[in-house]
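Inspection log for the structure reproduced underneath, given as structure tokens.
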Amino acid sequence: MTAGWSRRARKHKLTSRGIEFSLSPGPAMFGTESSLSMFLNTLTPKFYVALTGTSSLISGLILIFEWWYFRKYGTSFIEQVSVSHLRPLLGGVDSSSPSNSNTSNGDADSNRQSVSECKVWRNPLNLFRGAEYNRYTWVTGREPLTYYDMNLSAQDHQTFFTCDSDHLRPADAIMQKAWRERNPQARISAAHEALELEDCATAYILLAEEEATTIMEAERLFKQALKAGEGCYRRSQQLQHHGTQYEAQHRRDTNVLVYIKRRLAMCSRKLGRTREAVKMMRDLCVFQLMKEFPLLSMFNIHENLLESLLELQNYADVQAVLAKYDDISLPKSATICYTAALLKARAVSDKFSPEAASRRGLSTAEMNAVEAIHRAVEFNPHVPKYLLEMKSLILPPEHILKRGDSEAIAYAFFHLQHWKRVEGALNLLHCTWEGTFRMIPYPLEKGHLFYPYPICTETADRELLPMFHEVSVYPKKELPFFILFTAGLCSFTAMLALLTHQFPELMGVFAKAFLSTLFAPLNFIMEKVESILPSSLWHQLTRI
């Protein structure tokens with residue numbers, strides 16, 4: 001062993017050319033360090049520009065993808081992948097494991113409430129596919145209904161209009177298959193085929209909903225459906241107690257009859273015969289209360305009645321309907337909460353002035369109106385932006401999520417005109433609605449007047465509403481950590497690339513100083529190890 005390969009390590013020297021490493025426990029290590037030193041000294045500023053520029057480009061692409069994924073799905077892609085796939089591999093606890101399944105009764109009740117709050121309901125004021133939705137598509141080229149929404153409607157139609165005894169009547173058997181068809185033209189062709197056999201009420205319903213291009217044509221078809229449906233209802237009513245099969249058939253015929261009368265009332269409302277529509281809806285509400293079929297409550301005919309009464313400006317009858325249906329045992333809706341707020345705002349809105357109210361304070365009537373607005377906003381915080389025209393409206397979907405953006409669109413689409421008709425009502429809403437959020441605890445562990453706002457509304461609304469609509473989200477989500485991290489990384493590497501391009505020599509010195517600092521702990525450790533271990537051992541290790 002020569003003196004050049006003594007156990008004492010030479011100290012490194014920082015020269016103007018770069019870093020010269022001199023740790024030399026053995027010939028192999030000396031060669032590696034010399035190669036590294038030569039490699040660092042031969043790097044040109046163009047290399048650092050290319051390195052930082054490439055890093056900035058990659059982090060920028062990741063940032064763009066993360067931002068797009070967050071805007072579309074409401075979560076970070078990297079975070080989702082790490083939680084779903086990496087954490088189980090690293091020994092994370094599965095949330096479905098038995099150890100985590102023992103929750104308290106309070107948590108279970110809260111979860112059950114969250115599930116019920118996120119139930120998707122049929123829109124009581126849904127439009128006609130042929131006469132309204134399809135016309136929108138012809139004019140704009142956009143599809144106003146999502147596949148998920150139309151699939152839910154297909155399931156509803158099979159529930160409302162079919163039963164186990166349909167195979168006994170050829171026309172009903174054809175319609176049972178028609179409701180399951182995905183192709184609209186196939187459904188319409190099946191309905192015509194059923195009508196060739198006999199007068200089938202459900203066939204007329206399908207044609208009125210999907211083939212009719214005007215409301216008048218849809219009304220004509222619904223009147224034919226009513227004539228056929230009433231005959232089937234009378235026959236099944238006489239046989240309903242003869243067995244479970246006849247009872248199911250009578251229940252189906254009842255659903256068909258109620259659906260036809262409700263749609264006829266909506267046709268009258270759209271054609272300007274509002275008083276006639278109100279009379280038909282009142283009769284349906286009485287019929288719904290007399291019958292004990294649970295499916296009838298899904299139509300929510302009282303919401304159609306409220307909208308028609310508001311059109312007639314019959315506010316006393318509106319208040320009477322609210323007194324009957326705004327009950328704690330019944331599920332709330334935006335129509336009930338915001339109509340109650342409108343009635344109370346109507347009493348004070350024409351003389352309301354925020355400047356005067358700030359000087360003298362709120363009167364009892366004004367306080368009641370403000371509290372009603374706060375109650376409505378807490379139930380559905382998305383509605384005010386549509387009523388105040390801060391967000392653009394689209395056609396409402398066929399199904400809505402209570403307390404969600406879909407329900408807000410459906411309510412504002414039909415009720416915005418009623419708020420505009422009441423002088424000062426929108427001004428009062430504009431001045432007071434944001435005060436609601438100061439009353440609600442944050443984070444939303446518990447609500448103020450209602451149950452906590454469900455966390456599942458955004459996901460369901462994105463399925464119900466078309467892609468071209470920007471879904472309203474409450475509460476506003478903070479940007480995920482990975483989006484902020486990639487944004488910072490992209491900005492930092494872009495700045496380094498720019499500085500390296502403008503000041504290559506200076507940035508080269510900084511880069512070499514940074515690398516020397518980075519390798520300093522390694523050099524220190526290697527010096528200590530070399531001073532302790534014998535040189536013969538180092539020689540054998542380097543040979544290996």
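Every chain in the structure tokens has a letter given in the order shown (A, B, ...), and although residue numbers restart at 1 in each chain, ligands are simply numbered from 1 in the order shown.
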Going by DSSP on the backbone, which bits of segment 254-334 of chain A are helix (DSSP H, G or I)? Write them as a count of residues only, please.
63
So the first atom is atom CA of Tyr338 of chain A and the second is atom CA of Arg462 of chain A; what is the distance between them in Å, to one decimal place?
23.6 Å
With only C-alpha atoms as the basis for distance, which of A:Ile532, A:Leu387, A:Leu401, A:Leu271 is at the shortest distance from Ala460 of chain A?
A:Leu401
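Distances to Glu132 of chain A were evaluated for A:Asp172, A:Glu398, A:Glu66, A:Glu389 using only C-alpha atoms, and the minimum falls at A:Glu398.
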List the spatial neighbours of Ala194 of chain A as JSON, numbers by chain - criterion: any atom at most 8 Å away, only C-alpha atoms, same-chain residues fewer than 6 positions off excluded.
{"A": [170, 171, 172, 174, 175, 200, 203]}
When you count only C-alpha atoms, which of these residues is closest to Glu210 of chain A: A:Ala173, A:Val139, A:Ala131, A:Met280?
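Ranking A:Ala173, A:Val139, A:Ala131, A:Met280 by distance to Glu210 of chain A, first place goes to A:Ala131.
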Atom CA of Gly53 of chain A and atom CA of Ala494 of chain A are how many Å apart?
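Atom-to-atom, atom CA of Gly53 of chain A to atom CA of Ala494 of chain A, that is 6.3 Å.
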Any idea what the distance is between atom CA of Lys46 of chain A and atom CA of Val509 of chain A?
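About the pair atom CA of Lys46 of chain A and atom CA of Val509 of chain A: they are 13.9 Å apart.
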With segment 405-409 of chain A as the partner and 12 Å as the cut-off, tabulate the residues of segment 275-366 of chain A that qualify, each row holding the nearest pair of atoms and their distance in Å to one decimal, using only C-alpha atoms, sorted by chain and rising number, as JSON lines.
```
{"residue": "A:Lys332", "atom": "CA", "partner": "A:Glu407", "partner_atom": "CA", "distance": 11.7}
{"residue": "A:Ser333", "atom": "CA", "partner": "A:Glu407", "partner_atom": "CA", "distance": 8.3}
{"residue": "A:Ala334", "atom": "CA", "partner": "A:Glu407", "partner_atom": "CA", "distance": 7.0}
{"residue": "A:Thr335", "atom": "CA", "partner": "A:Glu407", "partner_atom": "CA", "distance": 9.0}
{"residue": "A:Ile336", "atom": "CA", "partner": "A:Glu407", "partner_atom": "CA", "distance": 12.0}
{"residue": "A:Cys337", "atom": "CA", "partner": "A:Ala408", "partner_atom": "CA", "distance": 11.7}
{"residue": "A:Tyr338", "atom": "CA", "partner": "A:Ala408", "partner_atom": "CA", "distance": 10.4}
```
Keeping only C-alpha atoms, write those residues as a short mmCIF file (atom, residue, chain, number, x, y, z; two decimals), in the first residue's frame.
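Contents of part03.cif, as written:
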```cif
data_model
loop_
_atom_site.label_atom_id
_atom_site.label_comp_id
_atom_site.auth_asym_id
_atom_site.auth_seq_id
_atom_site.Cartn_x
_atom_site.Cartn_y
_atom_site.Cartn_z
CA LYS A 332 -88.70 19.57 3.22
CA SER A 333 -88.00 20.98 -0.21
CA ALA A 334 -86.69 24.22 -1.67
CA THR A 335 -90.20 24.98 -2.96
CA ILE A 336 -91.69 24.86 0.53
CA CYS A 337 -88.89 26.75 2.29
CA TYR A 338 -88.44 29.50 -0.29
#
```
For Asn427 of chain A, work out the shell of residues within 9 Å, counting only C-alpha atoms and skipping chain neighbours fewer than 3 positions away, then give it as a PyMOL selection string.
chain A and resi 349+352-353+388+423-424+430-432
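Counting only C-alpha atoms and comparing A:Ser268, A:Asn523, A:Ser363, A:Asn368, the residue that lies closest to Phe222 of chain A is A:Ser268.
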Long-range neighbours of Leu310 of chain A as a count of residues only, 9 Å cut-off, only C-alpha atoms, 4 positions minimum in chain
8
Have a look at A:Cys267, A:Tyr411, A:Phe379, A:Ala425 and name the one nearest to Ala347 of chain A; count only C-alpha atoms.
A:Ala425
